[in-house]
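Q: Structure in structure tokens, see below.
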Amino acid sequence: MAKKYTDYLQDYLDAAEVLHYGTNKEFDLLLFGSEKRSGISEKCLPYLYRKGKLKRTNLGKQFVYMPRRVRNTNEMYPKLKHYVECARCLARIWRSMPEGEIIPEREFFGLGCIPEWAIWYPGGTILPGEFCTESNYRYGGLLRGKIDAYQRHLPQMEAKFGAEAVVLFVIDMPRETVINYVATKNALSARSASLRHDGDTFPSLPLRFVDYKTFLSVPIGTALQSKIYIYANGEIDSLV
């Protein structure tokens, strides 16, 4: 017997808790592994909004849905597009190995840094992720600050989850810019090491970088396995 759209309502509520913010596309991607328009999402999400189970706001011509626990949708509007891109990254990564467990944000409180998303894998690996917009990259040193935070606090994170961490940075800049950024960090690290015995250890950190365009270009279900990621030491390989 075919499932009715009401049979999926709890799935959508559960998805909202891990996506935090998403349009129909992010829900379809996480739940069904497709970015094509789904009649199920077009029925379930408005229904849950009308029933007061989800909140909703506009992003251009699209609706963005979020859990009820979000207090003030107006305050977060300036970063809404950023949040939706984070949800898309999370869904694409998770779809490539659904055995992974998406870790709630609250589990990182007190660890020195809170990823924008994170997945724990049965093999003993945790994959925290960060999305970096063009403005994040160009202004304010936000990217540099996040890298420094992971450099200081990864041991605490690994100890709590009993897993080795690999941190992914998805950067909304041209690929050549991202490659050059990693190369520059390596050059600065080499200079630091030559001046101090405890110099910057950037090349040895478990960091992976990719430009957003390339990240979105790989087929759904292959994000972990695709050899598109720039390692901190400059090599290019997959995440697994």
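In the structure tokens, chains take letters A, B, ... by order of appearance, with residues numbered from 1 within each chain and ligands from 1 in the order shown.
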Can you list every residue of segment 156-193 of chain A that has an atom at most 9 Å from segment 96-112 of chain A, with its nearest atom pair and the distance in Å to one decimal, using only C-alpha atoms, ordered by chain then number, as JSON lines?
A:
```
{"residue": "A:Gln156", "atom": "CA", "partner": "A:Leu111", "partner_atom": "CA", "distance": 6.2}
{"residue": "A:Met157", "atom": "CA", "partner": "A:Leu111", "partner_atom": "CA", "distance": 6.3}
{"residue": "A:Lys160", "atom": "CA", "partner": "A:Leu111", "partner_atom": "CA", "distance": 8.8}
```
Q: List every residue of segment 73-218 of chain A that DSSP, applied to the backbone of this structure, places in strand (DSSP E or B), and write the result as a ChimeraX atom specification.
A: /A:101-102,117-121,125-132,164-165,167-171,207-211
Q: Take the selection from the previous step and output its residues with N, CA and C atoms, as a short mmCIF file (atom, residue, chain, number, x, y, z; two decimals), in the first residue's frame.
A:
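The new file part_31.cif reads:
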```cif
data_model
loop_
_atom_site.label_atom_id
_atom_site.label_comp_id
_atom_site.auth_asym_id
_atom_site.auth_seq_id
_atom_site.Cartn_x
_atom_site.Cartn_y
_atom_site.Cartn_z
N GLU A 101 25.95 9.30 11.79
CA GLU A 101 25.00 9.89 12.73
C GLU A 101 25.24 11.39 12.83
N ILE A 102 24.23 12.18 12.49
CA ILE A 102 24.35 13.63 12.58
C ILE A 102 24.32 14.04 14.05
N TRP A 117 28.03 21.92 11.21
CA TRP A 117 27.40 20.59 11.18
C TRP A 117 28.48 19.58 11.52
N ALA A 118 28.07 18.38 11.90
CA ALA A 118 29.05 17.33 12.22
C ALA A 118 28.38 15.97 12.09
N ILE A 119 29.15 14.99 11.62
CA ILE A 119 28.65 13.62 11.45
C ILE A 119 29.66 12.67 12.07
N TRP A 120 29.16 11.71 12.84
CA TRP A 120 30.00 10.65 13.43
C TRP A 120 29.79 9.38 12.62
N TYR A 121 30.91 8.72 12.26
CA TYR A 121 30.84 7.50 11.45
C TYR A 121 31.26 6.29 12.28
N THR A 125 35.34 7.90 13.10
CA THR A 125 35.71 9.20 12.55
C THR A 125 34.58 10.18 12.79
N ILE A 126 34.94 11.41 13.10
CA ILE A 126 33.95 12.48 13.20
C ILE A 126 34.31 13.54 12.17
N LEU A 127 33.30 14.01 11.45
CA LEU A 127 33.51 14.98 10.38
C LEU A 127 32.78 16.28 10.71
N PRO A 128 33.43 17.24 11.39
CA PRO A 128 32.83 18.56 11.57
C PRO A 128 32.96 19.35 10.26
N GLY A 129 31.98 20.21 9.99
CA GLY A 129 32.01 20.98 8.76
C GLY A 129 31.72 22.45 8.97
N GLU A 130 32.29 23.27 8.10
CA GLU A 130 32.08 24.71 8.13
C GLU A 130 31.83 25.21 6.72
N PHE A 131 30.87 26.13 6.59
CA PHE A 131 30.62 26.79 5.31
C PHE A 131 31.12 28.22 5.39
N CYS A 132 31.89 28.63 4.41
CA CYS A 132 32.50 29.96 4.41
C CYS A 132 32.03 30.74 3.19
N GLU A 164 38.59 10.00 15.62
CA GLU A 164 39.53 10.91 14.98
C GLU A 164 38.74 11.91 14.13
N ALA A 165 39.12 13.17 14.23
CA ALA A 165 38.39 14.23 13.54
C ALA A 165 39.05 14.60 12.22
N VAL A 167 38.22 17.82 9.61
CA VAL A 167 37.40 19.03 9.53
C VAL A 167 37.31 19.49 8.08
N LEU A 168 36.08 19.70 7.61
CA LEU A 168 35.85 20.13 6.23
C LEU A 168 35.45 21.59 6.18
N PHE A 169 36.12 22.36 5.33
CA PHE A 169 35.76 23.76 5.06
C PHE A 169 35.28 23.86 3.62
N VAL A 170 34.02 24.20 3.42
CA VAL A 170 33.46 24.44 2.10
C VAL A 170 33.44 25.96 1.91
N ILE A 171 34.19 26.44 0.91
CA ILE A 171 34.41 27.88 0.75
C ILE A 171 33.79 28.36 -0.56
N LEU A 207 42.70 18.89 8.17
CA LEU A 207 41.78 19.85 7.56
C LEU A 207 41.64 19.55 6.08
N ARG A 208 40.42 19.73 5.57
CA ARG A 208 40.15 19.54 4.15
C ARG A 208 39.39 20.77 3.65
N PHE A 209 39.74 21.23 2.45
CA PHE A 209 39.13 22.42 1.88
C PHE A 209 38.58 22.10 0.50
N VAL A 210 37.46 22.74 0.14
CA VAL A 210 36.91 22.59 -1.20
C VAL A 210 36.11 23.83 -1.55
N ASP A 211 36.15 24.21 -2.81
CA ASP A 211 35.29 25.32 -3.25
C ASP A 211 33.87 24.82 -3.41
#
```
Q: Tell me which protein, DNA and RNA residues are within 12 Å of Lys43 of chain A, counting only C-alpha atoms, leaving out same-chain ones fewer than 5 positions away, and put them as number ranges by chain.
A: A: 4-9, 12, 24, 37-38, 48-50
Q: I'd like to know which of A:Arg92, A:Phe32, A:Lys3, A:Ser135 is closest to Ser226 of chain A, using only C-alpha atoms.
A: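 Among A:Arg92, A:Phe32, A:Lys3, A:Ser135, it is A:Arg92 that comes nearest to Ser226 of chain A.
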Q: Of the candidates A:Tyr229, A:Tyr181, A:Phe27, A:Tyr21, which shows the shortest atom-to-atom distance to Met66 of chain A, using only C-alpha atoms?
A: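 Ranked by minimum distance to Met66 of chain A, first place goes to A:Tyr21.
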